[in-house]
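Enquirer: Okay, here's the structure, questions in a sec.
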There are 2 protein chains.
Amino acid sequence: MNDVAAAAGVALKTVSRVVNNEPGVNTATAERVQAAIDRLGYRRNDGARTLRQGRTSSIGLVIEDVADPFYSGLSRAVEDVALGHDYLVFTGSSGESPTRERDLVLAFCARRVDGLIIVPAGEDHEYLTPEVDAGIAAVFADRPPGAGPETDIVLCDNSSGSRAGVEHLIAHGHRRIAFLGDSPAIFTAQERLRGYRQALAAAGLPYEERLVAMGPGDQARVQADVERMLSSPEPPTALFTGNGRMTVATLRVFASLASFAPPGVRHGGGAEPMERPALVGFDDFELADLLKITVVAQDPVGLGRTAAELLFQRLSGDDGPPRRVELPTRLVDRGSGEVGPGS
Amino acid sequence: MNDVAAAAGVALKTVSRVVNNEPGVNTATAERVQAAIDRLGYRRNDGARTLRQGRTSSIGLVIEDVADPFYSGLSRAVEDVALGHDYLVFTGSSGESPTRERDLVLAFCARRVDGLIIVPAGEDHEYLTPEVDAGIAAVFADRPPGAGPETDIVLCDNSSGSRAGVEHLIAHGHRRIAFLGDSPAIFTAQERLRGYRQALAAAGLPYEERLVAMGPGDQARVQADVERMLSSPEPPTALFTGNGRMTVATLRVFASLASFAPPGVRHGGGAEPMERPALVGFDDFELADLLKITVVAQDPVGLGRTAAELLFQRLSGDDGPPRRVELPTRLVDRGSGEVGPGS
DNA sequence: ATGAAAGCGCTAACAG
DNA sequence: CTGTTAGCGCTTTCAT
């Protein structure tokens with residue numbers, strides 16, 4: 001900027017005015033400055049600018065995994081809102097590691113992001129207190145934070161959604177419905193289990209431990225649990241899966257059990273294969289329509305957009321009490337809840 | 001930092017030394033400083049630090065869409081490499097808009113990122129020349145840049161992969177193979193078309209314009225093209241689709257045509273429905289295994305990792321000639337190339 | 001082992 | 001309309 005000023009024969013501040021389109025610069029002078037800028041290939045250093053201004057016009061986004069379709073939808077929504085406000089986004093994946101979540105958040109804070117959107121992996125967010133006290137706005141999305149500062153929170157209505165999905169199965173005559181959920185440490189997994197129990201209780205059905213399996217979503221674990229349940233004396237006639245990965249893993253188990261018909265397909269003749277159990281999954285996924293899987297759809301884009309909008313309201317001065325928003329879910333009936341002995 | 005220094009009764013520089021673990025500080029003094037830091041909740045301002053140091057320890061990543069599984073895999077790989085080097089990542093989606101690509105890149109440059117990884121949407125990258133001259137490293141991934149500075153480039157071997165996919169269909173007896181590609185403006189679409197033509201030529205098969213359709217990947221366009229081709233006098237017996245979205249769209253078309261059997265399934269009795277055409281797709285996708293779709297798999301994670309590794313080599317001083325890396329593709333045979341009249 | 005001074009590139013506040 | 005001065009928070013350089 002100094003060089004430009006020298007080249008144009010003006011003072012530093014005049015260059016600054018031109019660069020920022022500030023009013024009160026003679027047109028001729030402005031042109032001379034602009035010419036010098038173009039000639040020298042000058043670009044304003046936004047790092048210095050933000051240091052001076054005290055705002056960085058950037059936010060940090062910490063999610064579980066950018067490569068997970070649910071979170072990448074959320075991520076894209078946050079990005080779009082941010083760009084609409086001329087903000088840039090630092091993105092990081094925690095991979096369900098509380099340590100990595102914390103390290104990312106603190107790294108973003110050290111860069112003095114103006115705000116944070118966090119899908120928490122950890123259960124202790126005291127580490128955020130000094131940062132929030134220092135004026136960094138934070139919004140939690142998808143899961144509530146553990147102990148720590150009071151912030152805005154945006155969630156899906158997990159228990160109601162889960163309850164609706166299980167009630168759908170019950171309405172189609174199923175009495176023994178298994179629940180396959182994520183690790184119990186995860187908030188959403190607990191909530192969805194709660195909805196499952198509510199649905200059973202409301203229908204006067206017993207809650208059976210043997211029909212509930214919670215744990216990591218890897219194929220091996222799901223395979224073991226599904227096979228164990230299906231080969232038990234009184235097997236479930238329907239499965240309710242607690243998230244998209246779990247649903248897909250269950251479909252792979254079905255495919256591996258040769259005695260079942262493929263998803264959504266009835267054989268036209270020959271020996272009738274064993275009917276596969278009904279299946280309803282929490283969370284929609286690509287190709288669920290083709291595979292005809294009934295799901296309780298969440299709204300990842302809505303989650304991201306809402307979180308970002310709340311954040312920008314805070315950034316523009318809103319200092320009302322913390323808000324908690326729950327987004328509704330939607331049952332998408334594609335027929336997979338109707339099949340099987342229950343129907 | 002001033003406050004901490006005052007509180008600890010030392011000079012500013014001593015606090016700086018403690019914060020950065022620089023040697024040459026008396027243990028007792030260091031403890032006193034640390035106590036003051038903790039008490040005051042002091043955090044180093046990395047913005048100021050990077051201003052002084054001239055490096056920001058951050059990179060910018062511009063992709064087409066963070067919510068697309070292909071790019072989100074790439075994105076995650078970049079992020080992992082960056083975090084391994086203690087770098088932070090600004091992420092942005094261009095949405096195939098050259099303007100948005102340019103705006104994002106220039107915004108990242110204004111923040112003085114040390115490096116850029118770009119999946120280009122535009123065809124003119126002259127806008128990058130001043131930035132690269134100013135010392136910002138750039139690597140292009142997935143597609144080569146248009147006119148502009150010479151940089152490292154990481155691509156998939158699109159034409160070979162496409163050729164292998166089409167040859168697979170030819171090997172299974174197909175003679176009329178349609179090609180459904182992305183808009184011709186997109187480099188990868190052109191390359192994959194080239195591979196398709198090479199495979200036909202090598203087998204002595206004619207190239208028929210009527211069997212080639214290129215355009216945006218939306219369902220309506222794909223539906224129209226596929227239906228037109230299949231209802232033509234001499235319909236193709238096989239389709240080769242130019243990317244994952246196109247493959248999925250084609251599967252939806254198949255599902256909508258009630259006369260076809262569902263993917264991978266033969267009816268056991270009754271009136272035999274019209275056999276659906278064979279299908280091979282470029283790019284693997286979630287559940288392709290369940291749907292039994294043969295694909296030419298790319299390696300999005302390898303693409304991202306390689307691009308990031310090249311970038312960090314440049315950042316650590318490598319100034320050799322620009323490199324161009326082509327990652328191999330892999331044919332994953334799941335049986336969908338064998339079906340139909342050709343086999 | 002510690003500190004003082006200068007300055008990274010910019011803008012806010014106040015002149016002229 | 002234009003310029004001067006100070007300082008954002010830190011690190012570099014050079015003294016002590």
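We name chains A, B, ... following the order of the structure tokens; residues begin at 1 in each chain, and ligands are numbered from 1 as shown.
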Superimpose chain B on chain A so that the squared distances between all in-order C-alpha pairs are minimised, and send the result as a short mmCIF file (atom, residue, chain, number, x, y, z; two decimals) with C-alpha atoms, in the first residue's frame.
Expert:
```
data_model
loop_
_atom_site.label_atom_id
_atom_site.label_comp_id
_atom_site.auth_asym_id
_atom_site.auth_seq_id
_atom_site.Cartn_x
_atom_site.Cartn_y
_atom_site.Cartn_z
CA MET B 1 0.03 -0.03 0.05
CA ASN B 2 3.03 2.12 0.75
CA ASP B 3 4.40 1.36 -2.69
CA VAL B 4 1.10 2.22 -4.32
CA ALA B 5 0.98 5.50 -2.44
CA ALA B 6 4.47 6.37 -3.55
CA ALA B 7 3.75 5.39 -7.14
CA ALA B 8 0.60 7.50 -7.22
CA GLY B 9 2.18 10.36 -5.35
CA VAL B 10 -0.38 10.33 -2.56
CA ALA B 11 -0.48 9.41 1.09
CA LEU B 12 -1.11 5.92 2.39
CA LYS B 13 -4.53 6.87 3.67
CA THR B 14 -5.71 7.94 0.26
CA VAL B 15 -4.88 4.53 -1.16
CA SER B 16 -6.80 2.98 1.72
CA ARG B 17 -9.76 5.18 0.86
CA VAL B 18 -9.71 4.12 -2.76
CA VAL B 19 -9.31 0.43 -1.94
CA ASN B 20 -12.31 0.57 0.38
CA ASN B 21 -14.44 2.76 -1.83
CA GLU B 22 -14.63 5.37 0.87
CA PRO B 23 -16.24 8.63 -0.17
CA GLY B 24 -14.40 11.90 -0.28
CA VAL B 25 -11.72 11.20 -2.84
CA ASN B 26 -11.26 13.34 -5.89
CA THR B 27 -12.17 11.36 -8.99
CA ALA B 28 -8.92 12.20 -10.71
CA THR B 29 -6.88 11.19 -7.68
CA ALA B 30 -8.83 7.96 -7.36
CA GLU B 31 -8.08 7.12 -10.96
CA ARG B 32 -4.41 7.76 -10.50
CA VAL B 33 -4.36 5.51 -7.45
CA GLN B 34 -6.32 2.80 -9.22
CA ALA B 35 -3.84 2.89 -12.09
CA ALA B 36 -0.97 2.40 -9.67
CA ILE B 37 -2.84 -0.47 -8.00
CA ASP B 38 -3.34 -2.22 -11.31
CA ARG B 39 0.19 -1.63 -12.46
CA LEU B 40 1.74 -2.97 -9.28
CA GLY B 41 -0.75 -5.82 -8.93
CA TYR B 42 -1.56 -4.69 -5.43
CA ARG B 43 -4.04 -6.70 -3.29
CA ARG B 44 -5.23 -5.64 0.10
CA ASN B 45 -4.00 -7.87 2.92
CA ASP B 46 -7.16 -8.88 4.74
CA GLY B 47 -5.13 -10.36 7.56
CA ALA B 48 -3.78 -6.96 8.47
CA ARG B 49 -7.17 -5.42 7.93
CA THR B 50 -8.91 -7.80 10.31
CA LEU B 51 -6.19 -7.36 12.89
CA ARG B 52 -6.88 -3.68 12.94
CA GLN B 53 -10.64 -3.98 12.76
CA GLY B 54 -11.03 -6.63 15.41
CA ARG B 55 -13.35 -8.76 13.26
CA THR B 56 -12.12 -11.46 10.92
CA SER B 57 -15.31 -11.98 8.89
CA SER B 58 -14.73 -15.67 9.18
CA ILE B 59 -16.41 -18.49 11.07
CA GLY B 60 -15.31 -21.97 12.05
CA LEU B 61 -17.35 -25.09 11.36
CA VAL B 62 -16.58 -28.32 13.14
CA ILE B 63 -18.51 -31.39 12.08
CA GLU B 64 -18.05 -35.08 12.50
CA ASP B 65 -16.92 -35.81 8.97
CA VAL B 66 -17.13 -33.64 5.86
CA ALA B 67 -17.34 -36.82 3.83
CA ASP B 68 -20.56 -37.98 5.51
CA PRO B 69 -23.53 -36.96 3.34
CA PHE B 70 -25.53 -35.77 6.32
CA TYR B 71 -22.81 -33.41 7.49
CA SER B 72 -21.75 -32.33 4.06
CA GLY B 73 -25.32 -31.16 3.41
CA LEU B 74 -25.22 -29.21 6.63
CA SER B 75 -21.81 -27.90 5.69
CA ARG B 76 -22.94 -26.64 2.33
CA ALA B 77 -25.86 -24.80 3.90
CA VAL B 78 -23.58 -23.09 6.41
CA GLU B 79 -21.23 -22.11 3.65
CA ASP B 80 -24.01 -20.60 1.56
CA VAL B 81 -25.32 -18.49 4.42
CA ALA B 82 -21.79 -17.40 5.34
CA LEU B 83 -20.93 -16.38 1.78
CA GLY B 84 -24.14 -14.37 1.68
CA HIS B 85 -22.74 -12.34 4.56
CA ASP B 86 -19.30 -12.08 2.96
CA TYR B 87 -17.84 -14.43 5.51
CA LEU B 88 -15.33 -17.20 4.91
CA VAL B 89 -15.55 -20.62 6.55
CA PHE B 90 -12.86 -22.72 8.17
CA THR B 91 -14.03 -26.33 8.07
CA GLY B 92 -12.77 -29.22 10.17
CA SER B 93 -13.79 -32.81 10.87
CA SER B 94 -13.68 -34.08 14.43
CA GLY B 95 -14.18 -37.73 13.54
CA GLU B 96 -16.09 -38.20 16.82
CA SER B 97 -12.91 -37.43 18.75
CA PRO B 98 -13.48 -34.96 21.59
CA THR B 99 -9.82 -34.06 21.53
CA ARG B 100 -9.81 -33.26 17.86
CA GLU B 101 -13.01 -31.27 18.26
CA ARG B 102 -11.41 -29.21 20.99
CA ASP B 103 -8.16 -28.73 19.12
CA LEU B 104 -9.99 -27.58 16.01
CA VAL B 105 -12.22 -25.20 17.93
CA LEU B 106 -9.32 -23.70 19.81
CA ALA B 107 -7.30 -23.36 16.61
CA PHE B 108 -10.23 -21.50 15.05
CA CYS B 109 -10.48 -19.32 18.14
CA ALA B 110 -6.78 -18.54 17.96
CA ARG B 111 -7.45 -17.28 14.44
CA ARG B 112 -10.11 -15.16 16.04
CA VAL B 113 -13.05 -16.41 14.03
CA ASP B 114 -16.09 -14.30 14.81
CA GLY B 115 -18.26 -17.33 15.37
CA LEU B 116 -18.38 -21.09 15.58
CA ILE B 117 -20.82 -23.76 14.50
CA ILE B 118 -20.09 -27.01 16.24
CA VAL B 119 -21.45 -30.52 15.96
CA PRO B 120 -20.03 -31.67 19.29
CA ALA B 121 -18.17 -34.93 19.66
CA GLY B 122 -17.21 -34.38 23.28
CA GLU B 123 -19.30 -34.05 26.39
CA ASP B 124 -17.36 -31.33 28.16
CA HIS B 125 -17.40 -27.86 26.68
CA GLU B 126 -15.99 -25.90 29.57
CA TYR B 127 -13.02 -25.24 27.33
CA LEU B 128 -15.28 -22.90 25.41
CA THR B 129 -16.15 -20.64 28.32
CA PRO B 130 -13.15 -18.31 28.05
CA GLU B 131 -13.63 -18.06 24.30
CA VAL B 132 -17.29 -17.21 24.57
CA ASP B 133 -16.49 -14.73 27.34
CA ALA B 134 -13.95 -13.22 24.98
CA GLY B 135 -16.79 -12.56 22.55
CA ILE B 136 -16.75 -15.48 20.14
CA ALA B 137 -20.30 -16.52 19.28
CA ALA B 138 -21.06 -20.23 19.22
CA VAL B 139 -23.98 -22.32 18.01
CA PHE B 140 -24.26 -26.05 18.50
CA ALA B 141 -25.92 -28.11 15.80
CA ASP B 142 -27.33 -31.62 15.64
CA ARG B 143 -26.35 -32.41 19.24
CA PRO B 144 -26.42 -30.32 22.39
CA PRO B 145 -23.14 -29.46 24.10
CA GLY B 146 -21.98 -30.89 27.39
CA ALA B 147 -21.26 -28.69 30.39
CA GLY B 148 -20.11 -25.28 29.26
CA PRO B 149 -21.38 -21.87 28.24
CA GLU B 150 -25.01 -21.27 27.38
CA THR B 151 -25.35 -21.03 23.62
CA ASP B 152 -27.91 -21.38 20.88
CA ILE B 153 -28.65 -24.96 19.91
CA VAL B 154 -30.28 -26.39 16.78
CA LEU B 155 -31.43 -29.99 16.81
CA CYS B 156 -33.66 -32.37 14.94
CA ASP B 157 -36.66 -33.60 16.82
CA ASN B 158 -35.04 -37.00 17.27
CA SER B 159 -37.39 -38.64 19.74
CA SER B 160 -40.57 -37.62 17.92
CA GLY B 161 -39.13 -38.72 14.62
CA SER B 162 -38.04 -42.04 15.99
CA ARG B 163 -41.40 -42.52 17.66
CA ALA B 164 -43.19 -41.80 14.38
CA GLY B 165 -41.05 -44.34 12.57
CA VAL B 166 -41.70 -47.07 15.11
CA GLU B 167 -45.40 -46.23 15.26
CA HIS B 168 -45.48 -46.69 11.50
CA LEU B 169 -44.21 -50.23 11.97
CA ILE B 170 -46.66 -50.90 14.78
CA ALA B 171 -49.51 -49.62 12.63
CA HIS B 172 -48.57 -52.24 10.08
CA GLY B 173 -48.98 -55.02 12.60
CA HIS B 174 -45.44 -55.49 13.88
CA ARG B 175 -45.16 -56.46 17.55
CA ARG B 176 -41.51 -57.43 17.83
CA ILE B 177 -39.49 -54.52 16.55
CA ALA B 178 -35.73 -54.37 16.99
CA PHE B 179 -33.82 -51.14 17.51
CA LEU B 180 -30.33 -50.80 16.05
CA GLY B 181 -28.73 -47.63 17.30
CA ASP B 182 -25.47 -45.77 17.42
CA SER B 183 -23.23 -45.82 20.50
CA PRO B 184 -25.23 -44.83 23.58
CA ALA B 185 -22.71 -42.07 24.28
CA ILE B 186 -24.15 -40.14 21.34
CA PHE B 187 -27.03 -37.85 22.20
CA THR B 188 -29.04 -38.50 19.06
CA ALA B 189 -28.78 -42.24 19.64
CA GLN B 190 -30.24 -41.85 23.12
CA GLU B 191 -33.05 -39.64 21.91
CA ARG B 192 -33.99 -42.00 19.14
CA LEU B 193 -34.00 -44.89 21.57
CA ARG B 194 -36.29 -42.84 23.77
CA GLY B 195 -38.70 -42.32 20.88
CA TYR B 196 -38.63 -46.06 20.22
CA ARG B 197 -39.56 -46.78 23.85
CA GLN B 198 -42.31 -44.18 23.80
CA ALA B 199 -43.86 -45.77 20.74
CA LEU B 200 -43.74 -49.23 22.30
CA ALA B 201 -45.19 -47.99 25.58
CA ALA B 202 -47.98 -46.09 23.85
CA ALA B 203 -48.95 -49.29 22.01
CA GLY B 204 -48.73 -51.40 25.14
CA LEU B 205 -45.82 -53.42 23.76
CA PRO B 206 -43.05 -54.69 26.02
CA TYR B 207 -39.54 -53.26 25.87
CA GLU B 208 -37.20 -56.21 25.32
CA GLU B 209 -33.49 -55.75 25.94
CA ARG B 210 -32.65 -58.52 23.50
CA LEU B 211 -34.18 -56.51 20.68
CA VAL B 212 -32.03 -53.46 21.30
CA ALA B 213 -28.44 -53.17 20.08
CA MET B 214 -26.39 -50.02 20.29
CA GLY B 215 -22.82 -49.51 19.19
CA PRO B 216 -20.57 -48.25 16.42
CA GLY B 217 -21.96 -48.33 12.89
CA ASP B 218 -19.37 -50.57 11.30
CA GLN B 219 -20.53 -53.41 9.12
CA ALA B 220 -19.15 -56.19 11.34
CA ARG B 221 -20.97 -55.02 14.44
CA VAL B 222 -24.26 -54.51 12.63
CA GLN B 223 -23.91 -57.85 10.89
CA ALA B 224 -23.37 -59.66 14.18
CA ASP B 225 -26.30 -57.97 15.91
CA VAL B 226 -28.76 -58.41 13.08
CA GLU B 227 -27.83 -62.06 12.54
CA ARG B 228 -28.09 -62.78 16.25
CA MET B 229 -31.52 -61.23 16.50
CA LEU B 230 -32.89 -62.83 13.36
CA SER B 231 -31.74 -66.30 14.35
CA SER B 232 -33.15 -66.04 17.87
CA PRO B 233 -36.19 -68.11 18.89
CA GLU B 234 -38.70 -65.30 18.50
CA PRO B 235 -37.04 -63.07 15.95
CA PRO B 236 -38.14 -59.49 15.34
CA THR B 237 -40.41 -59.04 12.35
CA ALA B 238 -39.20 -55.49 11.85
CA LEU B 239 -36.05 -53.44 12.36
CA PHE B 240 -35.73 -49.78 13.14
CA THR B 241 -32.27 -48.44 12.40
CA GLY B 242 -30.97 -45.37 14.21
CA ASN B 243 -29.09 -43.61 11.40
CA GLY B 244 -28.25 -43.75 7.73
CA ARG B 245 -25.04 -45.71 8.06
CA MET B 246 -26.82 -48.27 10.18
CA THR B 247 -29.62 -48.59 7.65
CA VAL B 248 -27.21 -49.17 4.80
CA ALA B 249 -25.21 -51.66 6.86
CA THR B 250 -28.44 -53.52 7.60
CA LEU B 251 -29.29 -53.63 3.91
CA ARG B 252 -25.90 -55.18 3.27
CA VAL B 253 -26.64 -57.79 5.90
CA PHE B 254 -29.92 -58.56 4.18
CA ALA B 255 -28.12 -58.91 0.87
CA SER B 256 -25.62 -61.29 2.45
CA LEU B 257 -28.39 -63.51 3.77
CA ALA B 258 -29.18 -65.43 0.62
CA SER B 259 -32.44 -66.73 2.03
CA PHE B 260 -34.03 -63.29 1.81
CA ALA B 261 -35.56 -61.73 -1.23
CA PRO B 262 -33.73 -58.58 -2.30
CA PRO B 263 -35.13 -55.30 -0.99
CA GLY B 264 -38.58 -54.49 -2.28
CA VAL B 265 -38.83 -57.48 -4.57
CA ARG B 266 -41.05 -60.54 -4.46
CA HIS B 267 -40.14 -63.59 -6.42
CA GLY B 268 -42.77 -64.69 -8.85
CA GLY B 269 -42.41 -68.45 -8.56
CA GLY B 270 -40.33 -71.33 -7.28
CA ALA B 271 -39.60 -71.96 -3.64
CA GLU B 272 -40.71 -68.93 -1.64
CA PRO B 273 -37.68 -67.56 0.22
CA MET B 274 -37.92 -66.48 3.81
CA GLU B 275 -39.54 -63.09 3.91
CA ARG B 276 -37.10 -60.37 4.95
CA PRO B 277 -38.04 -58.28 7.96
CA ALA B 278 -39.62 -54.89 7.61
CA LEU B 279 -37.20 -51.99 7.88
CA VAL B 280 -37.54 -48.33 8.69
CA GLY B 281 -34.49 -46.13 9.07
CA PHE B 282 -33.84 -42.85 10.78
CA ASP B 283 -32.26 -40.43 8.28
CA ASP B 284 -32.81 -40.43 4.55
CA PHE B 285 -30.02 -41.41 2.16
CA GLU B 286 -29.23 -41.30 -1.51
CA LEU B 287 -30.97 -44.10 -3.38
CA ALA B 288 -33.31 -44.92 -0.51
CA ASP B 289 -36.03 -44.14 -3.03
CA LEU B 290 -34.76 -46.72 -5.49
CA LEU B 291 -34.34 -49.31 -2.77
CA LYS B 292 -37.82 -48.48 -1.51
CA ILE B 293 -36.77 -47.95 2.07
CA THR B 294 -39.13 -46.07 4.35
CA VAL B 295 -37.24 -43.51 6.41
CA VAL B 296 -37.65 -40.76 8.92
CA ALA B 297 -36.04 -37.91 7.01
CA GLN B 298 -34.02 -35.27 8.78
CA ASP B 299 -33.22 -31.93 7.25
CA PRO B 300 -29.45 -31.47 7.25
CA VAL B 301 -29.66 -28.40 5.07
CA GLY B 302 -32.24 -26.84 7.39
CA LEU B 303 -30.04 -27.65 10.34
CA GLY B 304 -27.05 -25.92 8.78
CA ARG B 305 -29.02 -22.97 7.51
CA THR B 306 -30.76 -22.40 10.83
CA ALA B 307 -27.54 -22.69 12.80
CA ALA B 308 -25.82 -20.21 10.51
CA GLU B 309 -28.72 -17.79 10.61
CA LEU B 310 -28.79 -17.88 14.39
CA LEU B 311 -25.06 -17.29 14.44
CA PHE B 312 -25.27 -14.27 12.17
CA GLN B 313 -28.06 -12.84 14.30
CA ARG B 314 -25.71 -13.05 17.25
CA LEU B 315 -22.91 -11.52 15.21
CA SER B 316 -25.12 -8.60 14.38
CA GLY B 317 -25.68 -7.83 18.02
CA ASP B 318 -28.55 -10.00 19.20
CA ASP B 319 -27.82 -10.78 22.85
CA GLY B 320 -31.15 -12.23 23.92
CA PRO B 321 -31.33 -15.45 25.95
CA PRO B 322 -29.95 -18.62 24.34
CA ARG B 323 -32.35 -20.30 21.97
CA ARG B 324 -33.01 -23.95 21.34
CA VAL B 325 -34.59 -24.84 18.02
CA GLU B 326 -35.89 -28.29 17.15
CA LEU B 327 -36.49 -29.02 13.48
CA PRO B 328 -39.26 -31.48 12.63
CA THR B 329 -38.60 -34.76 10.88
CA ARG B 330 -40.73 -36.27 8.16
CA LEU B 331 -41.77 -39.88 7.62
CA VAL B 332 -41.16 -40.87 4.00
CA ASP B 333 -43.16 -43.99 3.33
CA ARG B 334 -41.63 -46.09 0.58
CA GLY B 335 -43.14 -49.40 1.54
CA SER B 336 -40.40 -51.16 3.49
CA GLY B 337 -42.39 -50.87 6.71
CA GLU B 338 -45.29 -52.83 5.31
CA VAL B 339 -43.52 -56.06 4.38
CA GLY B 340 -43.10 -59.14 6.49
CA PRO B 341 -45.14 -61.22 8.88
CA GLY B 342 -46.53 -58.25 10.70
CA SER B 343 -48.43 -56.81 7.81
#
```
Enquirer: So which residues of stretch 89-180 of chain B fall under alpha helix (DSSP H) by DSSP, listed as a PyMOL selection string?
Expert: chain B and resi 98-110+129-133+158-171
Enquirer: Would you give me, as a PDB file with C-alpha atoms, in the first residue's frame, the residues in stretch 69-270 of chain B that DSSP reads as strand (DSSP E or B)?
Expert:
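Result written to result-v1.pdb:
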```
ATOM      1  CA  LEU B  88      -6.113 -24.860   8.780  1.00  0.00           C
ATOM      2  CA  VAL B  89      -8.355 -25.099   5.727  1.00  0.00           C
ATOM      3  CA  PHE B  90     -10.750 -22.571   4.259  1.00  0.00           C
ATOM      4  CA  THR B  91     -13.321 -24.495   2.220  1.00  0.00           C
ATOM      5  CA  GLY B  92     -15.606 -23.141  -0.479  1.00  0.00           C
ATOM      6  CA  SER B  93     -17.950 -24.544  -3.114  1.00  0.00           C
ATOM      7  CA  GLY B 115      -1.539 -22.343  -0.746  1.00  0.00           C
ATOM      8  CA  LEU B 116      -4.580 -23.261  -2.773  1.00  0.00           C
ATOM      9  CA  ILE B 117      -6.122 -26.493  -3.966  1.00  0.00           C
ATOM     10  CA  ILE B 118      -8.600 -25.845  -6.721  1.00  0.00           C
ATOM     11  CA  ASP B 124      -9.513 -18.896 -17.625  1.00  0.00           C
ATOM     12  CA  ALA B 137       1.303 -21.980  -4.195  1.00  0.00           C
ATOM     13  CA  ALA B 138      -1.508 -23.569  -6.184  1.00  0.00           C
ATOM     14  CA  VAL B 139      -2.393 -27.119  -7.144  1.00  0.00           C
ATOM     15  CA  PHE B 140      -5.253 -28.036  -9.441  1.00  0.00           C
ATOM     16  CA  ALA B 141      -7.151 -31.236  -8.768  1.00  0.00           C
ATOM     17  CA  ALA B 147      -4.877 -20.452 -19.427  1.00  0.00           C
ATOM     18  CA  ASP B 152       1.034 -28.812 -10.301  1.00  0.00           C
ATOM     19  CA  ILE B 153      -1.982 -30.787 -11.474  1.00  0.00           C
ATOM     20  CA  VAL B 154      -3.495 -34.016 -10.143  1.00  0.00           C
ATOM     21  CA  LEU B 155      -6.014 -35.858 -12.276  1.00  0.00           C
ATOM     22  CA  CYS B 156      -7.662 -39.216 -12.622  1.00  0.00           C
ATOM     23  CA  ILE B 177     -23.232 -48.811 -26.505  1.00  0.00           C
ATOM     24  CA  ALA B 178     -24.586 -45.398 -25.581  1.00  0.00           C
ATOM     25  CA  PHE B 179     -22.529 -42.743 -23.833  1.00  0.00           C
ATOM     26  CA  LEU B 180     -24.227 -40.417 -21.345  1.00  0.00           C
ATOM     27  CA  GLY B 181     -21.849 -37.688 -20.324  1.00  0.00           C
ATOM     28  CA  VAL B 212     -24.017 -39.983 -27.460  1.00  0.00           C
ATOM     29  CA  ALA B 213     -25.713 -37.476 -25.166  1.00  0.00           C
ATOM     30  CA  MET B 214     -23.892 -34.879 -23.152  1.00  0.00           C
ATOM     31  CA  ALA B 238     -25.709 -51.059 -23.060  1.00  0.00           C
ATOM     32  CA  LEU B 239     -25.180 -47.651 -21.466  1.00  0.00           C
ATOM     33  CA  PHE B 240     -21.988 -46.115 -20.232  1.00  0.00           C
ATOM     34  CA  THR B 241     -22.603 -43.223 -17.866  1.00  0.00           C
ATOM     35  CA  PHE B 260     -37.784 -53.447 -16.982  1.00  0.00           C
TER      36      PHE B 260
END
```
Enquirer: Kindly determine which residues of chain D lie within 8 Å of chain B, considering only C-alpha atoms (C1' of nucleotides), and give the answer as a PyMOL selection string.
Expert: chain D and resi 9-11
Enquirer: Can you spit out the residues from that selection as a CSV table (one decimal), in the first residue's frame, using C-alpha atoms (C1' of nucleotides)?
Expert:
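Result file selection-v8.csv:
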```
chain,number,residue,atom,x,y,z
D,9,DG,C1',-1.0,-8.0,18.8
D,10,DC,C1',2.5,-10.1,17.7
D,11,DT,C1',7.7,-11.4,16.4
```
Enquirer: Could you list the residues in chain C lying within 10 Å of chain B, using only C-alpha atoms (C1' of nucleotides), and format the result as a VMD selection string?
Expert: chain C and resid 1 to 4 7 to 9
Enquirer: Name all residues at most 10 Å from D:DT5 (count only C-alpha atoms (C1' of nucleotides); drop same-chain ones fewer than 2 positions away) and give them as a PyMOL selection string.
Expert: (chain C and resi 13-15) or (chain D and resi 3+7)
Enquirer: Would you export the selected residues with C-alpha atoms (C1' of nucleotides) as a PDB file, in the first residue's frame, please?
Expert:
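And here is the file that came out, selection.pdb:
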```
ATOM      1  C1'  DA C  13      -9.436   9.239  14.643  1.00  0.00           C
ATOM      2  C1'  DC C  14      -8.357  13.399  13.932  1.00  0.00           C
ATOM      3  C1'  DA C  15      -6.263  17.111  11.632  1.00  0.00           C
TER       4       DA C  15
ATOM      5  C1'  DG D   3      -2.783  13.732   4.964  1.00  0.00           C
ATOM      6  C1'  DG D   7      -1.840   1.390  17.227  1.00  0.00           C
TER       7       DG D   7
END
```
